[in-house]
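Listing of run_11.tsv, TSV, C-alpha atoms
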```tsv
chain	number	residue	atom	x	y	z
A	1	MET	CA	-4.56	88.21	-6.10
A	2	GLY	CA	-3.50	86.76	-2.70
A	3	GLU	CA	-6.94	86.21	-1.24
A	4	ASN	CA	-8.38	85.16	-4.58
A	5	ARG	CA	-5.58	82.72	-5.11
A	6	GLU	CA	-6.17	81.19	-1.70
A	7	ARG	CA	-9.84	80.77	-2.56
A	8	LEU	CA	-9.02	79.13	-5.89
A	9	GLU	CA	-6.53	76.84	-4.16
A	10	LYS	CA	-9.28	75.62	-1.84
A	11	GLN	CA	-11.53	74.92	-4.80
A	12	LEU	CA	-8.79	73.09	-6.69
A	13	GLY	CA	-8.01	71.06	-3.57
A	14	PHE	CA	-11.62	69.92	-3.43
A	15	ILE	CA	-11.59	69.18	-7.18
A	16	ARG	CA	-8.52	66.97	-6.69
A	17	GLU	CA	-10.44	65.03	-4.03
A	18	LEU	CA	-13.40	64.61	-6.39
A	19	ASP	CA	-11.25	62.43	-8.62
A	20	LYS	CA	-11.40	59.66	-6.02
A	21	LEU	CA	-15.11	59.08	-6.61
A	22	LYS	CA	-14.04	57.36	-9.85
A	23	THR	CA	-12.54	54.58	-7.72
A	24	ILE	CA	-15.61	53.97	-5.54
A	25	LYS	CA	-17.23	50.79	-6.81
A	26	ARG	CA	-20.96	50.17	-6.73
A	27	ARG	CA	-22.64	46.76	-7.00
A	28	THR	CA	-24.48	47.61	-10.23
A	29	TYR	CA	-23.10	46.05	-13.42
A	30	LEU	CA	-22.61	47.92	-16.68
A	31	LEU	CA	-25.09	46.69	-19.26
A	32	ASP	CA	-22.29	44.94	-21.14
A	33	GLY	CA	-21.51	42.97	-17.96
A	34	SER	CA	-17.79	43.84	-18.15
A	35	ARG	CA	-17.57	45.28	-14.64
A	36	THR	CA	-19.54	47.09	-11.98
A	37	GLU	CA	-19.93	50.84	-12.30
A	38	ASN	CA	-18.30	53.46	-10.11
A	39	SER	CA	-20.03	56.29	-8.30
A	40	ALA	CA	-18.71	59.06	-10.59
A	41	GLU	CA	-20.06	57.59	-13.82
A	42	HIS	CA	-23.28	56.61	-12.00
A	43	SER	CA	-23.73	60.25	-10.97
A	44	TRP	CA	-23.26	61.39	-14.57
A	45	GLN	CA	-25.81	58.92	-15.85
A	46	ILE	CA	-28.54	59.72	-13.35
A	47	ALA	CA	-28.10	63.47	-13.91
A	48	LEU	CA	-28.84	62.91	-17.60
A	49	MET	CA	-31.68	60.50	-16.80
A	50	ALA	CA	-33.30	63.14	-14.58
A	51	LEU	CA	-33.19	65.64	-17.46
A	52	LEU	CA	-34.73	63.15	-19.88
A	53	LEU	CA	-37.42	61.78	-17.57
A	54	LEU	CA	-38.43	64.95	-15.76
A	55	GLU	CA	-41.83	65.01	-17.47
A	56	TYR	CA	-42.83	61.89	-15.52
A	57	GLY	CA	-42.45	63.59	-12.15
A	58	ASN	CA	-45.56	63.52	-9.95
A	59	GLU	CA	-45.15	67.19	-9.26
A	60	LYS	CA	-45.07	69.84	-11.95
A	61	ASN	CA	-42.67	72.77	-12.28
A	62	LEU	CA	-39.79	70.86	-10.77
A	63	ASP	CA	-36.52	72.82	-10.60
A	64	ALA	CA	-34.50	70.69	-13.02
A	65	PHE	CA	-31.18	72.41	-12.25
A	66	ARG	CA	-31.56	71.72	-8.55
A	67	ILE	CA	-32.28	68.04	-9.24
A	68	VAL	CA	-29.25	67.75	-11.52
A	69	LYS	CA	-27.02	69.44	-8.94
A	70	MET	CA	-28.31	67.13	-6.20
A	71	LEU	CA	-27.53	64.08	-8.31
A	72	LEU	CA	-24.05	65.33	-9.22
A	73	VAL	CA	-23.25	66.06	-5.57
A	74	HIS	CA	-25.08	63.44	-3.50
A	75	ASP	CA	-22.51	60.63	-3.81
A	76	ILE	CA	-19.37	62.70	-3.17
A	77	VAL	CA	-19.32	61.67	0.49
A	78	GLU	CA	-18.67	58.08	-0.63
A	79	ILE	CA	-15.07	59.15	-1.28
A	80	GLU	CA	-14.60	58.79	2.47
A	81	ALA	CA	-17.69	56.88	3.59
A	82	GLY	CA	-17.60	54.26	0.80
A	83	ASP	CA	-20.60	53.09	-1.18
A	84	THR	CA	-23.09	51.46	1.19
A	85	TYR	CA	-24.84	48.64	-0.65
A	86	ILE	CA	-28.53	49.32	-0.37
A	87	TYR	CA	-29.22	45.71	0.67
A	88	ASP	CA	-26.53	45.69	3.37
A	89	ASP	CA	-28.55	46.24	6.57
A	90	GLN	CA	-25.46	46.02	8.76
A	91	ALA	CA	-23.60	48.78	6.92
A	92	ALA	CA	-26.75	50.89	6.88
A	93	LEU	CA	-26.54	51.24	10.67
A	94	SER	CA	-23.38	53.33	10.45
A	95	GLN	CA	-24.05	54.91	7.05
A	96	HIS	CA	-25.55	58.14	8.29
A	97	GLU	CA	-22.73	58.83	10.72
A	98	ARG	CA	-20.01	57.92	8.20
A	99	GLU	CA	-21.53	60.17	5.57
A	100	GLU	CA	-22.04	63.10	7.92
A	101	ALA	CA	-18.37	62.95	8.90
A	102	ALA	CA	-17.31	62.71	5.26
A	103	ALA	CA	-19.46	65.70	4.33
A	104	ARG	CA	-17.94	67.77	7.15
A	105	HIS	CA	-14.43	66.95	6.02
A	106	LEU	CA	-14.81	66.98	2.23
A	107	PHE	CA	-17.15	69.93	1.82
A	108	GLY	CA	-15.11	71.67	4.50
A	109	LEU	CA	-12.31	71.98	1.96
A	110	LEU	CA	-14.42	74.49	0.00
A	111	PRO	CA	-14.90	78.22	0.60
A	112	GLU	CA	-17.70	78.65	3.12
A	113	GLU	CA	-20.63	79.55	0.84
A	114	GLN	CA	-19.81	76.72	-1.55
A	115	ARG	CA	-19.49	74.33	1.40
A	116	ARG	CA	-22.97	75.36	2.48
A	117	ASP	CA	-24.41	74.99	-1.04
A	118	PHE	CA	-23.07	71.47	-1.42
A	119	GLU	CA	-24.15	70.47	2.08
A	120	ASP	CA	-27.65	71.85	1.43
A	121	LEU	CA	-27.92	69.86	-1.79
A	122	ARG	CA	-26.77	66.68	-0.09
A	123	ARG	CA	-29.13	67.15	2.82
A	124	GLU	CA	-32.09	67.97	0.60
A	125	TYR	CA	-31.42	64.76	-1.29
A	126	GLU	CA	-31.05	62.70	1.89
A	127	GLU	CA	-34.16	64.07	3.54
A	128	GLY	CA	-36.28	63.74	0.42
A	129	LYS	CA	-38.79	66.26	1.72
A	130	SER	CA	-38.80	68.58	-1.28
A	131	ALA	CA	-40.36	67.61	-4.60
A	132	GLU	CA	-36.91	67.92	-6.17
A	133	GLY	CA	-35.35	65.67	-3.52
A	134	ARG	CA	-38.05	63.06	-4.10
A	135	PHE	CA	-37.59	63.09	-7.86
A	136	ALA	CA	-33.80	62.85	-7.51
A	137	ARG	CA	-34.24	59.79	-5.32
A	138	THR	CA	-36.69	58.29	-7.83
A	139	ILE	CA	-34.02	58.41	-10.51
A	140	ASP	CA	-31.25	57.23	-8.18
A	141	ARG	CA	-33.35	54.19	-7.25
A	142	PHE	CA	-34.61	53.47	-10.76
A	143	GLN	CA	-31.20	53.35	-12.47
A	144	PRO	CA	-29.60	50.47	-10.49
A	145	PHE	CA	-32.91	48.58	-10.45
A	146	TYR	CA	-33.18	48.92	-14.23
A	147	HIS	CA	-29.57	47.78	-14.67
A	148	ASN	CA	-30.18	44.80	-12.43
A	149	PHE	CA	-33.17	43.85	-14.53
A	150	LEU	CA	-31.32	44.31	-17.83
A	151	THR	CA	-28.37	42.22	-16.62
A	152	GLU	CA	-30.77	39.42	-15.72
A	153	GLY	CA	-30.49	39.98	-12.00
A	154	ARG	CA	-26.76	39.33	-11.85
A	155	ALA	CA	-26.10	41.54	-8.81
A	156	TRP	CA	-29.30	40.36	-7.08
A	157	LEU	CA	-28.37	36.69	-7.56
A	158	GLU	CA	-24.77	37.29	-6.45
A	159	HIS	CA	-25.95	38.88	-3.23
A	160	GLY	CA	-28.96	36.59	-2.65
A	161	ILE	CA	-31.50	39.41	-2.82
A	162	THR	CA	-35.16	38.36	-2.76
A	163	SER	CA	-38.10	40.10	-4.42
A	164	ASP	CA	-39.65	41.32	-1.17
A	165	ARG	CA	-36.45	43.27	-0.45
A	166	VAL	CA	-36.36	44.75	-3.94
A	167	LYS	CA	-40.02	45.69	-3.58
A	168	LYS	CA	-39.19	47.76	-0.51
A	169	ILE	CA	-36.18	49.41	-2.14
A	170	ILE	CA	-38.08	50.48	-5.25
A	171	LYS	CA	-41.00	51.93	-3.33
A	172	PRO	CA	-39.59	55.50	-3.41
A	173	ILE	CA	-39.61	55.39	-7.21
A	174	GLY	CA	-43.38	55.86	-7.25
A	175	GLN	CA	-43.14	58.66	-4.71
A	176	GLY	CA	-41.35	60.82	-7.25
A	177	SER	CA	-42.94	59.40	-10.38
A	178	ALA	CA	-46.05	57.21	-10.57
A	179	THR	CA	-45.15	56.37	-14.18
A	180	LEU	CA	-41.65	55.11	-13.36
A	181	GLY	CA	-43.02	53.41	-10.23
A	182	ALA	CA	-45.46	51.44	-12.41
A	183	VAL	CA	-42.68	50.55	-14.86
A	184	ALA	CA	-40.54	49.30	-11.98
A	185	ASP	CA	-43.37	47.20	-10.53
A	186	GLY	CA	-43.93	45.59	-13.92
A	187	LEU	CA	-40.24	44.84	-14.37
A	188	LEU	CA	-40.01	43.34	-10.89
A	189	GLU	CA	-42.87	40.97	-11.71
A	190	ALA	CA	-41.11	39.97	-14.92
A	191	ALA	CA	-37.82	39.55	-13.04
A	192	VAL	CA	-39.41	37.10	-10.61
A	193	ALA	CA	-41.09	35.18	-13.43
A	194	ARG	CA	-37.75	34.87	-15.23
A	195	GLY	CA	-35.80	33.80	-12.14
A	196	TYR	CA	-33.65	36.95	-11.92
A	197	LEU	CA	-34.11	36.87	-8.14
A	198	GLY	CA	-35.62	34.72	-5.40
A	199	ALA	CA	-39.39	35.17	-4.87
B	1	MET	CA	-50.93	54.92	-22.20
B	2	GLY	CA	-49.94	53.61	-25.68
B	3	GLU	CA	-48.39	56.79	-27.07
B	4	ASN	CA	-46.87	57.72	-23.72
B	5	ARG	CA	-45.39	54.28	-23.35
B	6	GLU	CA	-43.84	54.49	-26.80
B	7	ARG	CA	-42.28	57.82	-25.87
B	8	LEU	CA	-40.88	56.41	-22.63
B	9	GLU	CA	-39.51	53.41	-24.52
B	10	LYS	CA	-37.57	55.73	-26.80
B	11	GLN	CA	-36.13	57.56	-23.81
B	12	LEU	CA	-35.17	54.32	-22.07
B	13	GLY	CA	-33.57	53.07	-25.28
B	14	PHE	CA	-31.38	56.16	-25.36
B	15	ILE	CA	-30.59	55.76	-21.66
B	16	ARG	CA	-29.43	52.19	-22.29
B	17	GLU	CA	-27.07	53.51	-24.98
B	18	LEU	CA	-25.69	56.11	-22.55
B	19	ASP	CA	-24.24	53.31	-20.47
B	20	LYS	CA	-21.62	52.70	-23.17
B	21	LEU	CA	-19.91	56.04	-22.50
B	22	LYS	CA	-18.52	54.37	-19.35
B	23	THR	CA	-16.40	52.16	-21.63
B	24	ILE	CA	-14.93	54.99	-23.74
B	25	LYS	CA	-11.36	55.49	-22.54
B	26	ARG	CA	-9.63	58.86	-22.55
B	27	ARG	CA	-5.87	59.40	-22.37
B	28	THR	CA	-6.03	61.28	-19.05
B	29	TYR	CA	-4.88	59.39	-15.96
B	30	LEU	CA	-6.73	59.38	-12.66
B	31	LEU	CA	-4.73	61.26	-10.06
B	32	ASP	CA	-3.87	57.98	-8.29
B	33	GLY	CA	-2.34	56.77	-11.58
B	34	SER	CA	-4.29	53.49	-11.45
B	35	ARG	CA	-5.81	53.84	-14.92
B	36	THR	CA	-7.00	56.37	-17.46
B	37	GLU	CA	-10.43	57.88	-17.00
B	38	ASN	CA	-13.50	57.21	-19.14
B	39	SER	CA	-15.70	59.80	-20.78
B	40	ALA	CA	-18.67	59.31	-18.43
B	41	GLU	CA	-16.77	60.02	-15.23
B	42	HIS	CA	-14.90	62.85	-16.98
B	43	SER	CA	-18.25	64.43	-17.87
B	44	TRP	CA	-19.38	64.21	-14.25
B	45	GLN	CA	-16.21	65.83	-12.97
B	46	ILE	CA	-16.21	68.75	-15.38
B	47	ALA	CA	-19.89	69.46	-14.69
B	48	LEU	CA	-19.02	69.86	-11.01
B	49	MET	CA	-15.89	71.86	-11.82
B	50	ALA	CA	-17.95	74.29	-13.88
B	51	LEU	CA	-20.28	74.84	-10.92
B	52	LEU	CA	-17.39	75.44	-8.56
B	53	LEU	CA	-15.31	77.67	-10.84
B	54	LEU	CA	-18.08	79.68	-12.51
B	55	GLU	CA	-17.03	82.85	-10.71
B	56	TYR	CA	-13.80	82.92	-12.76
B	57	GLY	CA	-15.65	83.21	-16.06
B	58	ASN	CA	-14.68	86.23	-18.18
B	59	GLU	CA	-18.31	86.99	-18.73
B	60	LYS	CA	-20.78	87.62	-15.97
B	61	ASN	CA	-24.30	86.24	-15.58
B	62	LEU	CA	-23.41	82.96	-17.24
B	63	ASP	CA	-26.28	80.46	-17.43
B	64	ALA	CA	-24.83	77.80	-15.13
B	65	PHE	CA	-27.49	75.21	-15.92
B	66	ARG	CA	-26.81	75.48	-19.65
B	67	ILE	CA	-23.07	75.02	-19.06
B	68	VAL	CA	-23.68	71.96	-16.89
B	69	LYS	CA	-26.04	70.46	-19.45
B	70	MET	CA	-23.52	71.07	-22.24
B	71	LEU	CA	-20.80	69.32	-20.26
B	72	LEU	CA	-23.04	66.36	-19.41
B	73	VAL	CA	-24.08	65.96	-23.05
B	74	HIS	CA	-21.09	66.97	-25.17
B	75	ASP	CA	-19.18	63.66	-25.04
B	76	ILE	CA	-22.13	61.32	-25.67
B	77	VAL	CA	-21.27	61.08	-29.38
B	78	GLU	CA	-18.03	59.34	-28.41
B	79	ILE	CA	-20.12	56.21	-27.82
B	80	GLU	CA	-20.03	55.78	-31.59
B	81	ALA	CA	-17.29	58.17	-32.68
B	82	GLY	CA	-14.75	57.17	-30.02
B	83	ASP	CA	-12.68	59.60	-27.99
B	84	THR	CA	-10.42	61.57	-30.32
B	85	TYR	CA	-7.16	62.30	-28.55
B	86	ILE	CA	-6.69	66.02	-28.72
B	87	TYR	CA	-3.08	65.60	-29.87
B	88	ASP	CA	-3.94	63.15	-32.66
B	89	ASP	CA	-3.93	65.35	-35.78
B	90	GLN	CA	-4.73	62.44	-38.07
B	91	ALA	CA	-7.87	61.44	-36.16
B	92	ALA	CA	-8.91	65.09	-35.97
B	93	LEU	CA	-9.41	65.14	-39.74
B	94	SER	CA	-12.37	62.77	-39.53
B	95	GLN	CA	-13.57	63.76	-36.06
B	96	HIS	CA	-16.21	66.25	-37.14
B	97	GLU	CA	-17.79	63.84	-39.61
B	98	ARG	CA	-17.72	60.89	-37.21
B	99	GLU	CA	-19.31	62.92	-34.44
B	100	GLU	CA	-22.00	64.38	-36.68
B	101	ALA	CA	-23.01	60.89	-37.76
B	102	ALA	CA	-23.00	59.67	-34.16
B	103	ALA	CA	-25.17	62.60	-33.06
B	104	ARG	CA	-27.68	61.91	-35.82
B	105	HIS	CA	-27.96	58.27	-34.84
B	106	LEU	CA	-27.76	58.50	-31.04
B	107	PHE	CA	-29.83	61.62	-30.44
B	108	GLY	CA	-32.20	60.30	-33.14
B	109	LEU	CA	-33.26	57.64	-30.64
B	110	LEU	CA	-34.94	60.35	-28.55
B	111	PRO	CA	-38.36	61.98	-28.97
B	112	GLU	CA	-37.99	64.86	-31.42
B	113	GLU	CA	-37.87	67.86	-29.04
B	114	GLN	CA	-35.36	66.11	-26.76
B	115	ARG	CA	-33.27	65.18	-29.81
B	116	ARG	CA	-33.22	68.85	-30.76
B	117	ASP	CA	-32.34	69.97	-27.22
B	118	PHE	CA	-29.37	67.61	-27.02
B	119	GLU	CA	-28.20	68.45	-30.52
B	120	ASP	CA	-28.41	72.18	-29.71
B	121	LEU	CA	-26.34	71.70	-26.56
B	122	ARG	CA	-23.71	69.69	-28.42
B	123	ARG	CA	-23.51	72.19	-31.24
B	124	GLU	CA	-23.33	75.18	-28.90
B	125	TYR	CA	-20.42	73.49	-27.16
B	126	GLU	CA	-18.66	72.61	-30.43
B	127	GLU	CA	-19.06	76.06	-31.94
B	128	GLY	CA	-18.04	77.84	-28.76
B	129	LYS	CA	-19.67	81.07	-29.91
B	130	SER	CA	-21.80	81.66	-26.83
B	131	ALA	CA	-20.31	82.72	-23.51
B	132	GLU	CA	-21.62	79.48	-22.02
B	133	GLY	CA	-20.04	77.41	-24.78
B	134	ARG	CA	-16.71	79.14	-24.22
B	135	PHE	CA	-16.76	78.59	-20.48
B	136	ALA	CA	-17.73	74.93	-20.95
B	137	ARG	CA	-14.73	74.49	-23.22
B	138	THR	CA	-12.49	76.27	-20.72
B	139	ILE	CA	-13.35	73.66	-18.11
B	140	ASP	CA	-13.15	70.76	-20.55
B	141	ARG	CA	-9.63	71.85	-21.53
B	142	PHE	CA	-8.48	72.70	-18.04
B	143	GLN	CA	-9.35	69.35	-16.42
B	144	PRO	CA	-7.16	67.01	-18.55
B	145	PHE	CA	-4.35	69.59	-18.56
B	146	TYR	CA	-4.50	69.80	-14.77
B	147	HIS	CA	-4.51	66.01	-14.47
B	148	ASN	CA	-1.53	65.77	-16.81
B	149	PHE	CA	0.34	68.24	-14.67
B	150	LEU	CA	-0.58	66.50	-11.40
B	151	THR	CA	0.46	63.10	-12.76
B	152	GLU	CA	3.85	64.55	-13.71
B	153	GLY	CA	3.11	64.59	-17.42
B	154	ARG	CA	2.60	60.84	-17.68
B	155	ALA	CA	0.20	61.00	-20.66
B	156	TRP	CA	2.27	63.76	-22.33
B	157	LEU	CA	5.45	61.73	-22.02
B	158	GLU	CA	3.76	58.53	-23.20
B	159	HIS	CA	2.54	60.27	-26.34
B	160	GLY	CA	5.61	62.43	-26.92
B	161	ILE	CA	3.72	65.70	-26.57
B	162	THR	CA	5.84	68.86	-26.57
B	163	SER	CA	5.14	72.12	-24.77
B	164	ASP	CA	4.35	74.10	-27.94
B	165	ARG	CA	1.51	71.70	-28.66
B	166	VAL	CA	0.19	71.93	-25.12
B	167	LYS	CA	0.40	75.71	-25.36
B	168	LYS	CA	-1.92	75.67	-28.37
B	169	ILE	CA	-4.36	73.26	-26.75
B	170	ILE	CA	-4.71	75.27	-23.54
B	171	LYS	CA	-5.23	78.57	-25.35
B	172	PRO	CA	-9.06	78.34	-25.17
B	173	ILE	CA	-8.85	78.16	-21.37
B	174	GLY	CA	-8.14	81.89	-21.21
B	175	GLN	CA	-10.94	82.64	-23.66
B	176	GLY	CA	-13.49	81.50	-21.09
B	177	SER	CA	-11.54	82.46	-17.97
B	178	ALA	CA	-8.51	84.72	-17.77
B	179	THR	CA	-7.89	83.47	-14.23
B	180	LEU	CA	-7.80	79.81	-15.19
B	181	GLY	CA	-5.84	80.69	-18.33
B	182	ALA	CA	-3.16	82.32	-16.18
B	183	VAL	CA	-3.11	79.33	-13.83
B	184	ALA	CA	-2.65	77.00	-16.81
B	185	ASP	CA	0.17	79.11	-18.26
B	186	GLY	CA	1.98	79.03	-14.92
B	187	LEU	CA	1.56	75.26	-14.59
B	188	LEU	CA	2.82	74.71	-18.13
B	189	GLU	CA	5.96	76.67	-17.32
B	190	ALA	CA	6.47	74.57	-14.20
B	191	ALA	CA	5.81	71.38	-16.18
B	192	VAL	CA	8.56	72.23	-18.65
B	193	ALA	CA	10.97	73.14	-15.86
B	194	ARG	CA	10.28	69.79	-14.16
B	195	GLY	CA	10.62	67.75	-17.35
B	196	TYR	CA	6.98	66.66	-17.51
B	197	LEU	CA	7.09	67.20	-21.26
B	198	GLY	CA	9.52	68.09	-24.04
B	199	ALA	CA	10.21	71.79	-24.46
```

Will you turn the file into structure tokens for me?
Amino acid sequence: MGENRERLEKQLGFIRELDKLKTIKRRTYLLDGSRTENSAEHSWQIALMALLLLEYGNEKNLDAFRIVKMLLVHDIVEIEAGDTYIYDDQAALSQHEREEAAARHLFGLLPEEQRRDFEDLRREYEEGKSAEGRFARTIDRFQPFYHNFLTEGRAWLEHGITSDRVKKIIKPIGQGSATLGAVADGLLEAAVARGYLGA
Amino acid sequence: MGENRERLEKQLGFIRELDKLKTIKRRTYLLDGSRTENSAEHSWQIALMALLLLEYGNEKNLDAFRIVKMLLVHDIVEIEAGDTYIYDDQAALSQHEREEAAARHLFGLLPEEQRRDFEDLRREYEEGKSAEGRFARTIDRFQPFYHNFLTEGRAWLEHGITSDRVKKIIKPIGQGSATLGAVADGLLEAAVARGYLGA
């Protein structure tokens, strides 16, 4: 039991850390406008969205489990690195370094093969080279964009985000799903027409 | 595009509803004690816990993806049925009926085969007859129990929960994982000794 118990203690230690992701605030508002969402509930939602929208992937035979795992895992580093607002160019400069350090420390709490699994999932998501990584990113970009649209651009207006910047940010959506990319383009046009963001 | 677009609209309608799970409060406190958790972030955490603790399942060759999907889906009905506190015997009387109605309405927003998929996952979890259903329940019972222990019984004390009731509630933990069941039994003993709940 000794060695096993030590292994379980490592896993439980990591699980206790996970709880902190519930306190990491994103800029995206809930649809009821009551508050912004946190990274834990965001991760839950995009995992389910990936399951439901998988059929719209550009590539066929996507490994759905891998995508779901990537989406459940990819934001964990924010526990130590914080959520980097996608329109914050200054914070983006240090984002990679902050997240690499967080991954080393946080995933380092796990038994070695689980550390490697989680790090591989995070890296595959970040690099976006695999079809699964691209589709995961499609969903991760679509969700906040869709929420911004549905809340009449509240976060965009608060942060002075213009349509050309949004256009750049939503570009990866089409790389994983032409269908969702087209939906996003249409919504962006409508958002501009309705004054949800600056042109 | 017409039929496809209608299908996508159904899926997006369901996804908009999902957002409400972020506002469904559970009784379990975050480990930092700042607030109680909501059902969306709880679902995220237990999905990851299942991945990390799968090796402790009583049965081998568990379908990890099915367990993760069950855990991501099983609380969605709370959007309409509310979270039923596991120690609220009065609310338990109507829980089944409320959740069945919520499942019919909420999952009914989806295209038929996705409605069936989600309903099957929810039912498999509720019935707990499959090995995957049992392990999913093990994790879903272990997490709030572990949080209650780590927060020195705060929710137990607030709701006047005694150790005999906790003992009954944590019984299913061992049915999916003897290892986690033994951990829970040990923690319960420690909780009583430390006055985290009434004996």

TODO: Pick out the chain A residues within 6 Å of chain B. Count all atoms listed in the file. Give them as a PyMOL selection string.
DONE: chain A and resi 40-41+44+65

Within 10 Å of (-25.5, 68.8, 1.0), in the coordinates the file gives, what residues turn up when you count all atoms listed in the file, written out as a compact mmCIF listing (two decimals) with C-alpha atoms, in the frame of the given file?
```
# COMPACT_ATOMS: atom_id res chain seq x y z
CA MET A 70 -28.31 67.13 -6.20
CA VAL A 73 -23.25 66.06 -5.57
CA HIS A 74 -25.08 63.44 -3.50
CA ASP A 75 -22.51 60.63 -3.81
CA ILE A 76 -19.37 62.70 -3.17
CA VAL A 77 -19.32 61.67 0.49
CA GLU A 100 -22.04 63.10 7.92
CA ALA A 103 -19.46 65.70 4.33
CA ARG A 104 -17.94 67.77 7.15
CA PHE A 107 -17.15 69.93 1.82
CA ARG A 115 -19.49 74.33 1.40
CA ARG A 116 -22.97 75.36 2.48
CA ASP A 117 -24.41 74.99 -1.04
CA PHE A 118 -23.07 71.47 -1.42
CA GLU A 119 -24.15 70.47 2.08
CA ASP A 120 -27.65 71.85 1.43
CA LEU A 121 -27.92 69.86 -1.79
CA ARG A 122 -26.77 66.68 -0.09
CA ARG A 123 -29.13 67.15 2.82
CA GLU A 124 -32.09 67.97 0.60
CA TYR A 125 -31.42 64.76 -1.29
CA GLU A 126 -31.05 62.70 1.89
```

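The space between CA of Asp63 (chain A) and CA of Ile139 (chain B) spans 24.4 Å.
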
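The spacing separating CA of Asp83 (chain B) from CA of Leu71 (chain A) amounts to 25.1 Å.
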
Open item on the list: Between CA of Leu93 (chain A) and CA of Ala131 (chain A), what distance in Å does the model show, to one decimal?
Closed with: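 Here the two named atoms are 26.3 Å from each other.
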
Write region 137-148 of chain A as an mmCIF file, in the coordinates of the input, completed to N, CA, C and O atoms.
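Writing done, so here's rebuild06.cif:
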```
data_model
loop_
_atom_site.group_PDB
_atom_site.id
_atom_site.type_symbol
_atom_site.label_atom_id
_atom_site.label_comp_id
_atom_site.auth_asym_id
_atom_site.auth_seq_id
_atom_site.Cartn_x
_atom_site.Cartn_y
_atom_site.Cartn_z
ATOM 1 N N ARG A 137 -34.325 61.130 -5.889
ATOM 2 C CA ARG A 137 -34.240 59.790 -5.320
ATOM 3 C C ARG A 137 -34.910 58.763 -6.248
ATOM 4 O O ARG A 137 -34.436 57.629 -6.391
ATOM 5 N N THR A 138 -36.004 59.167 -6.868
ATOM 6 C CA THR A 138 -36.690 58.290 -7.830
ATOM 7 C C THR A 138 -35.703 57.813 -8.893
ATOM 8 O O THR A 138 -35.615 56.628 -9.204
ATOM 9 N N ILE A 139 -34.947 58.755 -9.439
ATOM 10 C CA ILE A 139 -34.020 58.410 -10.510
ATOM 11 C C ILE A 139 -32.861 57.580 -9.960
ATOM 12 O O ILE A 139 -32.425 56.595 -10.569
ATOM 13 N N ASP A 140 -32.375 57.948 -8.785
ATOM 14 C CA ASP A 140 -31.250 57.230 -8.180
ATOM 15 C C ASP A 140 -31.628 55.792 -7.807
ATOM 16 O O ASP A 140 -30.768 54.918 -7.751
ATOM 17 N N ARG A 141 -32.898 55.551 -7.537
ATOM 18 C CA ARG A 141 -33.350 54.190 -7.250
ATOM 19 C C ARG A 141 -33.678 53.422 -8.539
ATOM 20 O O ARG A 141 -33.507 52.212 -8.619
ATOM 21 N N PHE A 142 -34.201 54.145 -9.520
ATOM 22 C CA PHE A 142 -34.610 53.470 -10.760
ATOM 23 C C PHE A 142 -33.406 52.933 -11.534
ATOM 24 O O PHE A 142 -33.445 51.817 -12.049
ATOM 25 N N GLN A 143 -32.343 53.739 -11.620
ATOM 26 C CA GLN A 143 -31.200 53.350 -12.470
ATOM 27 C C GLN A 143 -30.594 51.995 -12.085
ATOM 28 O O GLN A 143 -30.481 51.104 -12.923
ATOM 29 N N PRO A 144 -30.194 51.780 -10.808
ATOM 30 C CA PRO A 144 -29.600 50.470 -10.490
ATOM 31 C C PRO A 144 -30.609 49.319 -10.636
ATOM 32 O O PRO A 144 -30.257 48.218 -11.065
ATOM 33 N N PHE A 145 -31.860 49.595 -10.291
ATOM 34 C CA PHE A 145 -32.910 48.580 -10.450
ATOM 35 C C PHE A 145 -33.028 48.173 -11.919
ATOM 36 O O PHE A 145 -33.065 46.983 -12.270
ATOM 37 N N TYR A 146 -33.046 49.176 -12.790
ATOM 38 C CA TYR A 146 -33.180 48.920 -14.230
ATOM 39 C C TYR A 146 -31.964 48.132 -14.742
ATOM 40 O O TYR A 146 -32.100 47.182 -15.519
ATOM 41 N N HIS A 147 -30.778 48.510 -14.282
ATOM 42 C CA HIS A 147 -29.570 47.780 -14.670
ATOM 43 C C HIS A 147 -29.606 46.339 -14.165
ATOM 44 O O HIS A 147 -29.203 45.416 -14.867
ATOM 45 N N ASN A 148 -30.078 46.159 -12.947
ATOM 46 C CA ASN A 148 -30.180 44.800 -12.430
ATOM 47 C C ASN A 148 -31.127 43.960 -13.278
ATOM 48 O O ASN A 148 -30.857 42.800 -13.583
#
```
